[in-house]
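S.K.: Contents of query.cif (mmCIF, C-alpha atoms):
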data_protein
#
loop_
_atom_site.label_atom_id
_atom_site.label_comp_id
_atom_site.auth_asym_id
_atom_site.auth_seq_id
_atom_site.Cartn_x
_atom_site.Cartn_y
_atom_site.Cartn_z
CA MET A 219 106.26 99.36 111.18
CA GLY A 220 102.85 98.40 109.87
CA ALA A 221 102.90 99.97 106.40
CA TRP A 222 106.31 98.50 105.59
CA ARG A 223 105.11 94.96 106.33
CA GLU A 224 102.65 95.19 103.42
CA ARG A 225 104.31 93.81 100.25
CA ASN A 226 102.52 96.04 97.76
CA PHE A 227 103.50 99.14 99.67
CA ARG A 228 107.14 98.05 99.84
CA LEU A 229 107.27 97.66 96.05
CA LEU A 230 105.49 100.99 95.50
CA PHE A 231 107.81 102.65 98.01
CA ILE A 232 111.03 101.34 96.43
CA GLY A 233 109.95 102.29 92.93
CA GLN A 234 108.80 105.77 93.79
CA THR A 235 111.82 106.41 96.01
CA THR A 236 114.11 105.48 93.11
CA SER A 237 112.20 107.84 90.84
CA ALA A 238 112.30 110.56 93.50
CA LEU A 239 116.08 110.19 93.74
CA GLY A 240 116.36 110.79 90.01
CA ASN A 241 114.01 113.75 90.17
CA THR A 242 116.21 115.48 92.76
CA LEU A 243 118.87 115.83 90.09
CA ILE A 244 116.59 117.94 87.90
CA PRO A 245 116.21 121.27 89.75
CA VAL A 246 119.97 121.87 89.79
CA ALA A 247 120.81 120.22 86.46
CA LEU A 248 117.98 121.74 84.44
CA SER A 249 118.31 125.18 86.04
CA PHE A 250 121.99 125.53 85.30
CA GLY A 251 121.70 123.77 81.96
CA VAL A 252 119.29 126.46 80.79
CA LEU A 253 121.26 129.28 82.43
CA ASP A 254 124.44 128.04 80.72
CA LEU A 255 122.57 127.75 77.43
CA THR A 256 121.01 131.22 77.35
CA GLY A 257 122.02 133.00 80.56
CA SER A 258 118.41 134.14 81.03
CA ALA A 259 116.27 133.74 84.15
CA SER A 260 113.25 134.36 81.93
CA ASP A 261 114.18 131.36 79.75
CA LEU A 262 114.52 129.23 82.87
CA GLY A 263 111.07 130.38 83.94
CA LEU A 264 109.73 129.49 80.47
CA VAL A 265 111.12 125.94 80.61
CA LEU A 266 109.89 125.28 84.15
CA GLY A 267 106.63 127.08 83.43
CA THR A 268 105.83 124.98 80.36
CA GLU A 269 106.13 121.76 82.34
CA SER A 270 103.95 123.17 85.10
CA ALA A 271 101.43 124.53 82.60
CA ALA A 272 101.11 121.12 80.93
CA LEU A 273 100.51 119.56 84.34
CA VAL A 274 97.81 122.10 85.13
CA ILE A 275 96.09 121.77 81.74
CA PHE A 276 95.94 117.98 81.73
CA VAL A 277 95.62 117.09 85.42
CA LEU A 278 91.81 117.30 85.51
CA ILE A 279 91.61 114.88 82.59
CA GLY A 280 94.14 112.70 84.39
CA GLY A 281 91.87 112.61 87.43
CA VAL A 282 88.85 111.53 85.41
CA ILE A 283 90.84 108.82 83.61
CA ALA A 284 92.24 107.53 86.92
CA ASP A 285 88.70 107.20 88.33
CA ARG A 286 87.61 105.23 85.24
CA VAL A 287 90.51 102.85 84.44
CA PRO A 288 92.87 100.71 86.56
CA ARG A 289 95.12 103.23 88.25
CA ARG A 290 98.26 101.10 88.10
CA GLY A 291 98.04 100.78 84.31
CA LEU A 292 97.76 104.54 83.95
CA MET A 293 100.78 105.02 86.21
CA LEU A 294 102.82 102.59 84.09
CA PHE A 295 102.04 104.52 80.90
CA ALA A 296 102.70 107.90 82.51
CA ASP A 297 106.11 106.98 83.91
CA ALA A 298 107.20 105.42 80.62
CA LEU A 299 106.23 108.69 78.91
CA ARG A 300 108.14 110.79 81.44
CA GLY A 301 111.19 108.56 81.20
CA CYS A 302 111.36 108.91 77.42
CA ALA A 303 110.95 112.69 77.54
CA GLN A 304 113.63 113.18 80.20
CA LEU A 305 115.99 110.93 78.23
CA ALA A 306 115.52 113.13 75.17
CA ILE A 307 116.19 116.31 77.18
CA GLY A 308 119.35 114.81 78.63
CA VAL A 309 120.62 113.70 75.23
CA LEU A 310 120.04 117.19 73.80
CA PHE A 311 122.22 118.72 76.51
CA VAL A 312 124.87 116.01 76.14
CA VAL A 313 125.26 116.38 72.38
CA GLY A 314 125.04 120.18 72.56
CA HIS A 315 124.15 122.62 69.79
CA THR A 316 120.53 122.74 70.91
CA SER A 317 118.11 125.61 71.37
CA ILE A 318 115.60 126.35 74.09
CA VAL A 319 112.63 125.30 71.92
CA PRO A 320 112.93 121.49 72.08
CA ILE A 321 113.71 121.70 75.81
CA VAL A 322 110.48 123.61 76.32
CA ILE A 323 108.43 121.11 74.25
CA LEU A 324 109.84 118.06 76.03
CA GLY A 325 109.28 119.73 79.37
CA GLY A 326 105.62 119.94 78.41
CA VAL A 327 105.59 116.18 77.72
CA VAL A 328 107.04 115.56 81.19
CA GLY A 329 104.24 117.70 82.62
CA ILE A 330 101.60 115.65 80.78
CA GLY A 331 103.05 112.45 82.20
CA GLU A 332 102.94 113.89 85.70
CA ALA A 333 99.34 115.00 85.15
CA LEU A 334 98.36 111.41 84.41
CA PHE A 335 100.51 109.81 87.12
CA THR A 336 99.80 111.92 90.20
CA PRO A 337 96.00 111.59 90.59
CA ALA A 338 96.28 107.85 89.94
CA ALA A 339 99.01 107.49 92.57
CA THR A 340 96.98 109.37 95.17
CA GLY A 341 94.00 107.11 94.55
CA LEU A 342 96.03 103.89 94.46
CA LEU A 343 97.72 104.18 97.86
CA PRO A 344 94.60 103.61 100.01
CA ALA A 345 94.00 100.37 98.06
CA LEU A 346 97.47 99.08 98.98
CA VAL A 347 97.60 99.70 102.75
CA LYS A 348 95.28 99.23 105.68
CA PRO A 349 93.42 102.39 106.78
CA GLU A 350 95.33 102.59 110.06
CA HIS A 351 98.62 102.61 108.13
CA LEU A 352 97.64 105.34 105.66
CA GLN A 353 99.32 108.34 107.32
CA GLN A 354 102.37 106.21 108.05
CA ALA A 355 102.57 105.22 104.37
CA ASN A 356 102.26 108.86 103.30
CA GLY A 357 104.89 109.84 105.83
CA LEU A 358 107.30 107.16 104.61
CA GLN A 359 106.87 108.26 101.00
CA GLN A 360 107.39 111.91 101.88
CA THR A 361 110.42 111.05 104.03
CA ALA A 362 112.03 108.91 101.36
CA SER A 363 111.48 111.62 98.77
CA ALA A 364 113.11 114.14 101.08
CA ALA A 365 116.00 111.81 101.92
CA ALA A 366 116.63 111.30 98.22
CA GLY A 367 116.94 115.06 97.98
CA ILE A 368 119.94 115.05 100.31
CA ALA A 369 122.23 113.21 97.90
CA GLY A 370 120.55 114.23 94.65
CA PRO A 371 121.34 117.97 94.55
CA ALA A 372 124.93 117.33 95.63
CA VAL A 373 125.39 114.74 92.88
CA ALA A 374 123.71 117.08 90.40
CA GLY A 375 126.04 119.91 91.40
CA ILE A 376 129.08 117.67 90.84
CA LEU A 377 127.76 116.51 87.47
CA VAL A 378 127.01 120.08 86.36
CA LEU A 379 130.51 121.19 87.29
CA THR A 380 132.26 118.18 85.70
CA VAL A 381 130.42 116.50 82.81
CA GLY A 382 127.52 118.92 82.41
CA PRO A 383 123.80 118.83 83.20
CA GLY A 384 122.81 116.41 80.43
CA TRP A 385 124.11 113.27 82.16
CA ALA A 386 122.23 114.11 85.35
CA ILE A 387 119.00 114.32 83.37
CA VAL A 388 119.77 111.04 81.57
CA GLY A 389 120.19 109.43 84.99
CA ASP A 390 116.79 110.71 86.04
CA SER A 391 115.19 109.15 82.97
CA ALA A 392 116.46 105.70 83.97
CA THR A 393 114.76 105.89 87.37
CA PHE A 394 111.33 106.20 85.74
CA PHE A 395 111.83 102.84 84.04
CA VAL A 396 112.86 101.25 87.36
CA ASN A 397 109.56 102.45 88.82
CA VAL A 398 107.68 101.01 85.83
CA ALA A 399 109.24 97.59 86.43
CA LEU A 400 108.30 97.56 90.13
CA LEU A 401 104.77 98.85 89.57
CA ALA A 402 104.19 95.95 87.19
CA THR A 403 104.82 93.46 90.03
CA LEU A 404 102.08 94.76 92.37
CA SER A 405 99.40 92.19 93.20
CA PHE A 406 96.01 93.43 94.40
CA THR A 407 92.34 93.43 93.46
CA ASN A 408 91.18 96.44 91.47
CA VAL A 409 88.06 98.18 92.76
CA THR A 410 85.16 97.78 90.33
CA ARG A 411 83.53 101.13 89.59
CA ALA A 412 80.37 102.02 87.73
CA PRO A 413 81.07 103.50 84.28
CA GLY A 414 79.52 106.83 85.30
CA GLU A 415 78.86 109.76 83.01
CA GLY A 416 81.07 111.07 80.23
CA LEU A 417 84.12 113.26 80.68
CA ILE A 418 82.19 116.50 81.30
CA GLY A 419 79.73 114.83 83.66
CA GLN A 420 82.51 113.28 85.72
CA LEU A 421 84.40 116.54 85.84
CA ARG A 422 81.20 118.18 87.09
CA GLU A 423 80.69 115.51 89.73
CA GLY A 424 84.22 116.03 90.98
CA TRP A 425 83.73 119.81 91.01
CA VAL A 426 80.55 119.59 93.08
CA ASP A 427 82.27 117.41 95.66
CA PHE A 428 85.27 119.76 95.71
CA TRP A 429 83.19 122.93 96.12
CA THR A 430 80.92 121.60 98.88
CA ARG A 431 83.90 120.84 101.13
CA LYS A 432 84.98 124.25 102.39
CA TRP A 433 88.11 122.95 104.11
CA PHE A 434 89.18 121.38 100.81
CA ARG A 435 88.68 124.41 98.60
CA THR A 436 90.21 126.79 101.18
CA ILE A 437 93.45 124.84 101.33
CA VAL A 438 93.57 124.46 97.54
CA PHE A 439 93.09 128.20 96.97
CA GLY A 440 95.67 128.94 99.66
CA ALA A 441 98.09 126.50 98.05
CA SER A 442 97.58 128.25 94.72
CA ALA A 443 98.67 131.56 96.24
CA PHE A 444 101.53 129.88 98.09
CA ASN A 445 102.83 128.16 94.96
CA PHE A 446 102.65 131.39 92.95
CA LEU A 447 104.97 132.90 95.55
CA TYR A 448 107.19 129.83 95.85
CA ALA A 449 107.70 129.82 92.07
CA GLY A 450 109.51 133.12 92.42
CA TYR A 451 111.88 131.51 94.91
CA VAL A 452 112.49 128.59 92.51
CA VAL A 453 113.57 131.00 89.74
CA LEU A 454 115.35 133.64 91.80
CA GLY A 455 117.13 131.22 94.14
CA PRO A 456 119.49 129.90 91.44
CA LEU A 457 119.92 133.45 90.11
CA MET A 458 120.92 134.78 93.55
CA SER A 459 123.25 131.79 93.98
CA LYS A 460 124.95 132.62 90.70
CA LEU A 461 125.21 136.35 91.45
CA HIS A 462 126.18 136.30 95.14
CA TYR A 463 127.09 132.80 96.35
CA GLY A 464 129.33 131.26 93.69
CA GLY A 465 126.90 129.40 91.43
CA ALA A 466 125.64 125.84 91.17
CA GLY A 467 127.54 124.55 94.18
CA ALA A 468 125.84 127.02 96.50
CA TRP A 469 122.36 126.27 95.19
CA ALA A 470 123.06 122.54 95.49
CA THR A 471 124.09 123.10 99.12
CA ILE A 472 120.92 125.04 99.86
CA ALA A 473 118.78 122.34 98.27
CA THR A 474 120.65 119.53 100.07
CA VAL A 475 120.26 121.09 103.50
CA GLY A 476 116.60 121.72 102.70
CA ALA A 477 116.23 118.01 101.99
CA ILE A 478 117.83 117.18 105.34
CA GLY A 479 115.22 119.32 107.07
CA SER A 480 112.50 117.56 105.10
CA THR A 481 113.83 114.14 106.05
CA ILE A 482 113.94 114.88 109.75
CA ALA A 483 110.40 116.29 109.62
CA GLY A 484 109.23 113.30 107.60
CA LEU A 485 110.50 110.91 110.27
CA ALA A 486 108.66 112.95 112.88
CA SER A 487 105.46 112.71 110.83
CA LEU A 488 105.45 108.91 111.17
CA ARG A 489 104.32 109.26 114.78
CA LEU A 490 102.48 112.55 114.42
CA ARG A 491 98.70 112.13 114.67
CA PRO A 492 97.15 115.50 115.53
CA ARG A 493 93.42 115.63 116.23
CA HIS A 494 93.13 118.61 113.87
CA PRO A 495 95.52 117.83 111.00
CA LEU A 496 94.77 120.83 108.79
CA LEU A 497 95.19 123.28 111.65
CA VAL A 498 98.57 121.80 112.54
CA GLY A 499 99.63 121.36 108.91
CA THR A 500 98.80 124.95 107.99
CA LEU A 501 100.68 126.28 111.03
CA PHE A 502 103.68 124.26 109.90
CA LEU A 503 103.75 126.26 106.64
CA ALA A 504 104.63 129.55 108.37
CA PRO A 505 108.43 128.93 108.40
CA ALA A 506 108.34 128.66 104.60
CA CYS A 507 108.83 132.45 104.58
CA LEU A 508 112.39 132.14 105.90
CA ALA A 509 114.40 131.04 102.85
CA PRO A 510 113.33 133.87 100.49
CA LEU A 511 113.85 136.38 103.30
CA ALA A 512 117.33 135.01 104.00
CA LEU A 513 118.30 135.31 100.33
CA ALA A 514 116.85 138.80 100.13
CA ALA A 515 118.96 139.86 103.12
CA LEU A 516 122.09 138.27 101.58
CA LEU A 517 122.70 136.33 104.76
CA PRO A 518 125.71 133.99 104.81
CA LEU A 519 125.30 130.75 102.90
CA TRP A 520 125.04 128.70 106.09
CA ALA A 521 122.13 130.86 107.30
CA VAL A 522 120.33 130.53 103.96
CA ALA A 523 120.85 126.76 104.15
CA VAL A 524 119.36 126.60 107.67
CA ALA A 525 116.36 128.60 106.46
CA SER A 526 116.02 126.15 103.57
CA ALA A 527 115.97 123.26 106.08
CA LEU A 528 113.06 124.89 107.91
CA VAL A 529 111.21 125.39 104.63
CA GLY A 530 111.76 121.74 103.76
CA ALA A 531 110.44 120.65 107.15
CA ALA A 532 107.39 122.89 106.78
CA LEU A 533 106.47 121.50 103.37
CA ILE A 534 106.89 117.83 104.29
CA LEU A 535 104.78 118.08 107.43
CA PHE A 536 102.01 119.96 105.66
CA ASN A 537 101.98 117.61 102.66
CA THR A 538 101.83 114.47 104.80
CA LEU A 539 98.89 115.73 106.86
CA TRP A 540 97.11 117.13 103.81
CA GLN A 541 97.41 113.99 101.66
CA THR A 542 96.20 111.80 104.50
CA SER A 543 93.23 114.09 105.17
CA VAL A 544 92.20 113.97 101.52
CA GLN A 545 92.52 110.18 101.33
CA ARG A 546 90.53 109.69 104.55
CA HIS A 547 87.68 112.09 103.78
CA ILE A 548 87.09 111.72 100.02
CA PRO A 549 85.16 108.64 98.73
CA GLU A 550 87.22 106.07 96.79
CA HIS A 551 85.39 106.58 93.49
CA LEU A 552 86.10 110.34 93.62
CA ILE A 553 89.58 110.43 95.10
CA SER A 554 91.56 110.79 91.87
CA ARG A 555 89.28 113.57 90.64
CA ALA A 556 89.59 115.25 94.04
CA SER A 557 93.34 114.93 93.74
CA SER A 558 93.25 116.39 90.24
CA TYR A 559 91.25 119.42 91.41
CA ASP A 560 93.73 119.74 94.25
CA TYR A 561 96.71 119.74 91.88
CA PHE A 562 94.97 121.95 89.35
CA GLY A 563 93.99 124.55 91.91
CA SER A 564 97.27 124.33 93.78
CA LEU A 565 99.48 124.58 90.70
CA VAL A 566 97.52 126.75 88.29
CA ALA A 567 99.37 129.85 89.49
CA PHE A 568 102.80 128.18 89.62
CA PRO A 569 103.71 128.63 85.94
CA VAL A 570 102.50 132.23 86.17
CA GLY A 571 104.85 132.78 89.09
CA LEU A 572 107.70 131.19 87.15
CA ALA A 573 107.00 133.37 84.12
CA VAL A 574 106.77 136.69 85.97
CA ALA A 575 109.59 136.21 88.49
CA GLY A 576 112.35 137.03 86.02
CA PRO A 577 110.78 140.19 84.56
CA LEU A 578 109.79 141.42 88.04
CA ALA A 579 113.35 140.85 89.26
CA VAL A 580 114.66 142.89 86.32
CA ARG A 581 112.22 145.71 87.09
CA PHE A 582 112.47 145.86 90.89
CA GLY A 583 115.50 143.76 91.76
CA PRO A 584 115.56 140.14 92.97
CA GLN A 585 116.01 141.10 96.63
CA VAL A 586 112.83 143.19 96.64
CA ILE A 587 110.81 140.38 95.05
CA LEU A 588 112.19 137.78 97.48
CA SER A 589 111.30 140.04 100.42
CA CYS A 590 107.73 140.36 99.17
CA ILE A 591 107.51 136.59 98.75
CA GLY A 592 108.51 136.00 102.38
CA VAL A 593 105.97 138.45 103.80
CA LEU A 594 103.10 137.27 101.59
CA VAL A 595 103.65 133.61 102.57
CA LEU A 596 102.74 134.57 106.14
CA VAL A 597 99.64 136.38 104.89
CA VAL A 598 98.47 133.27 103.01
CA VAL A 599 98.88 131.09 106.12
CA ALA A 600 96.98 133.56 108.29
CA VAL A 601 94.06 133.80 105.86
CA ALA A 602 93.68 130.00 105.67
CA LEU A 603 93.57 129.75 109.46
CA LEU A 604 90.63 132.17 109.59
CA VAL A 605 88.36 129.46 108.11
CA PRO A 606 86.69 127.39 110.89
CA SER A 607 86.50 124.16 108.88
CA VAL A 608 90.26 124.23 108.33
CA ARG A 609 90.85 124.59 112.05
CA ASN A 610 88.20 122.07 113.13
CA LEU A 611 88.55 119.16 110.71
CA THR A 612 89.40 116.05 112.72
CA ASP A 613 91.42 113.02 111.75
CA ASP A 614 89.01 110.35 112.96
CA GLN A 615 85.68 111.20 111.35
CA PRO A 616 85.01 111.88 107.65
CA ALA A 617 83.28 115.14 106.83
CA ALA A 618 80.30 114.77 104.48
CA PRO A 619 79.93 117.12 101.51
CA GLY A 620 77.98 120.23 102.41
CA ASP A 621 78.90 120.37 106.09
CA ASP A 622 81.96 122.56 105.40
CA GLY A 623 84.17 119.82 106.79
CA ALA A 624 83.75 121.11 110.33
CA VAL A 625 83.60 118.59 113.13
CA ALA A 626 83.05 119.79 116.68
CA ASP A 627 85.60 118.93 119.32
CA ALA A 628 84.70 116.03 121.56
#
Could the structure of this file be written out as structure tokens, please?
M.R.:
Amino acid sequence: MGAWRERNFRLLFIGQTTSALGNTLIPVALSFGVLDLTGSASDLGLVLGTESAALVIFVLIGGVIADRVPRRGLMLFADALRGCAQLAIGVLFVVGHTSIVPIVILGGVVGIGEALFTPAATGLLPALVKPEHLQQANGLQQTASAAAGIAGPAVAGILVLTVGPGWAIVGDSATFFVNVALLATLSFTNVTRAPGEGLIGQLREGWVDFWTRKWFRTIVFGASAFNFLYAGYVVLGPLMSKLHYGGAGAWATIATVGAIGSTIAGLASLRLRPRHPLLVGTLFLAPACLAPLALAALLPLWAVAVASALVGAALILFNTLWQTSVQRHIPEHLISRASSYDYFGSLVAFPVGLAVAGPLAVRFGPQVILSCIGVLVLVVVAVALLVPSVRNLTDDQPAAPGDDGAVADA
């Protein structure tokens, strides 16, 4: 396939797939490491929430930096930082006798690294592949990340049950350094950009571009609401697994089957080229309601796993179409800032959701909260589809700022 024949993309793909494989160990290993340490869903929400909060706080700065400096260099620094922080977390769990405080602090460092890495990575990809291969490249990356998730949670579950969560996290840290080594071998010409204004001026320029594209801001606000809800599933899923399904092994199974669904959908996305990508992508998000509803109903483990597969498929299809739309329609000199506003807006509510899920579950019960999450996901999808520019944005013609992103059908 076309994207794979491009050397730079192959190197980027291998490095990021290796890192993604390591990252799939973290949800299971970190969740049960914290639960074993304190037994508190609220503490788990605090650890996960601190990392997400650091990402949200620093991602706008990361976007500005990535639009000012060579993006590859920023990615190298960010992954080295994340690798060191994850190594320290793993060592703390391995040696034992730790408290929740250093885990929280190091989680924040991981979030800062991600805030620097992600906008740069979004902006770098269009420079490495031909325009006609862009969606294919996004689809391959999403598929590989999902495929890594098939083996990762299962391995993490085995490690948690045998040698403990620390070694799984140490393994994740090593994958960041593999990605650093491969990124360093890329060979391409950096785009020369004008220095532009200072930090505040460049943030303002990115904000104006973001706000004048109605399709962009609608999806970002919708993603913020969606991620607030999904955060509750991230916290309460392991808790329900521990209370009703036998513990880490069950949650690892749910996550693994979800990754299988993501992988199948990712392969389908390689040939998917809808005329209206945001309309199709948003519709694909509707099945994301199924996993929290299945847990709330205490369905058998196999049924929860099938629901998780549909959620995984929904997320991979939406993300592939969304990332490609952003990269096609946003100018090169603004793309990292656009990505940073995307991540900021999409994730700003995620740490809030992580923080409140535990206390709400204590007050109302986890099944009630999971039921509400499932219903509200459908509401978020429906509201986004009411916006004409979301339904009408086409794949073949960029939408200029100020036109609401709407392009009439041919």
S.K.: For Asn241 in chain A, list every protein, DNA or RNA residue within 12 Å, evaluated using all atoms listed in the file, and leave out those in the same chain fewer than 2 positions away; present the list as a ChimeraX atom specification.
M.R.: /A:234-239,243-248,300-301,304,328,332,363-364,366-371,373-374,386-394
S.K.: Please enumerate the residues selected by the PyMOL selection byres ((chain A and resi 605) around 10) when evaluated against the supplied file, formatted as a PyMOL selection string.
M.R.: chain A and resi 432-433+436-437+497+600-604+606-610+622+624
S.K.: Go ahead and save the picked residues with C-alpha atoms, as a tab-separated table (two decimals), in the frame of the given file.
M.R.:
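selection.tsv was written with the following content:
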chain	number	residue	atom	x	y	z
A	432	LYS	CA	84.98	124.25	102.39
A	433	TRP	CA	88.11	122.95	104.11
A	436	THR	CA	90.21	126.79	101.18
A	437	ILE	CA	93.45	124.84	101.33
A	497	LEU	CA	95.19	123.28	111.65
A	600	ALA	CA	96.98	133.56	108.29
A	601	VAL	CA	94.06	133.80	105.86
A	602	ALA	CA	93.68	130.00	105.67
A	603	LEU	CA	93.57	129.75	109.46
A	604	LEU	CA	90.63	132.17	109.59
A	606	PRO	CA	86.69	127.39	110.89
A	607	SER	CA	86.50	124.16	108.88
A	608	VAL	CA	90.26	124.23	108.33
A	609	ARG	CA	90.85	124.59	112.05
A	610	ASN	CA	88.20	122.07	113.13
A	622	ASP	CA	81.96	122.56	105.40
A	624	ALA	CA	83.75	121.11	110.33
S.K.: Could you tell me which residues the PyMOL selection byres ((chain A and resi 465) around 12) returns for this structure, as a ChimeraX atom specification?
M.R.: /A:246,249-250,253-254,375-376,378-379,455-464,466-472,519
S.K.: Nearest to Ile279 in chain A among A:Ala532, A:Ala345, A:Ala486, A:Ile330, with distances taken over only C-alpha atoms: which residue is it?
M.R.: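 Of the candidates, the smallest distance to Ile279 in chain A is held by A:Ile330.
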S.K.: Kindly indicate which residue among A:Leu454, A:Val319, A:Leu278, A:Leu578 lies nearest to Gln420 in chain A, using only C-alpha atoms for the distances.
M.R.: A:Leu278
S.K.: Taking into account only C-alpha atoms, which residue in the set A:Val595, A:Leu273, A:Val586, A:Val426 is nearest to Ala441 in chain A?
M.R.: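 Distance minimum relative to Ala441 in chain A lands on A:Val595.
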S.K.: What separation in Å, quoted to one decimal, exists between CA of Trp385 in chain A and CA of Gly576 in chain A?
M.R.: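 If I compute the distance from CA of Trp385 in chain A to CA of Gly576 in chain A, I get 26.8 Å.
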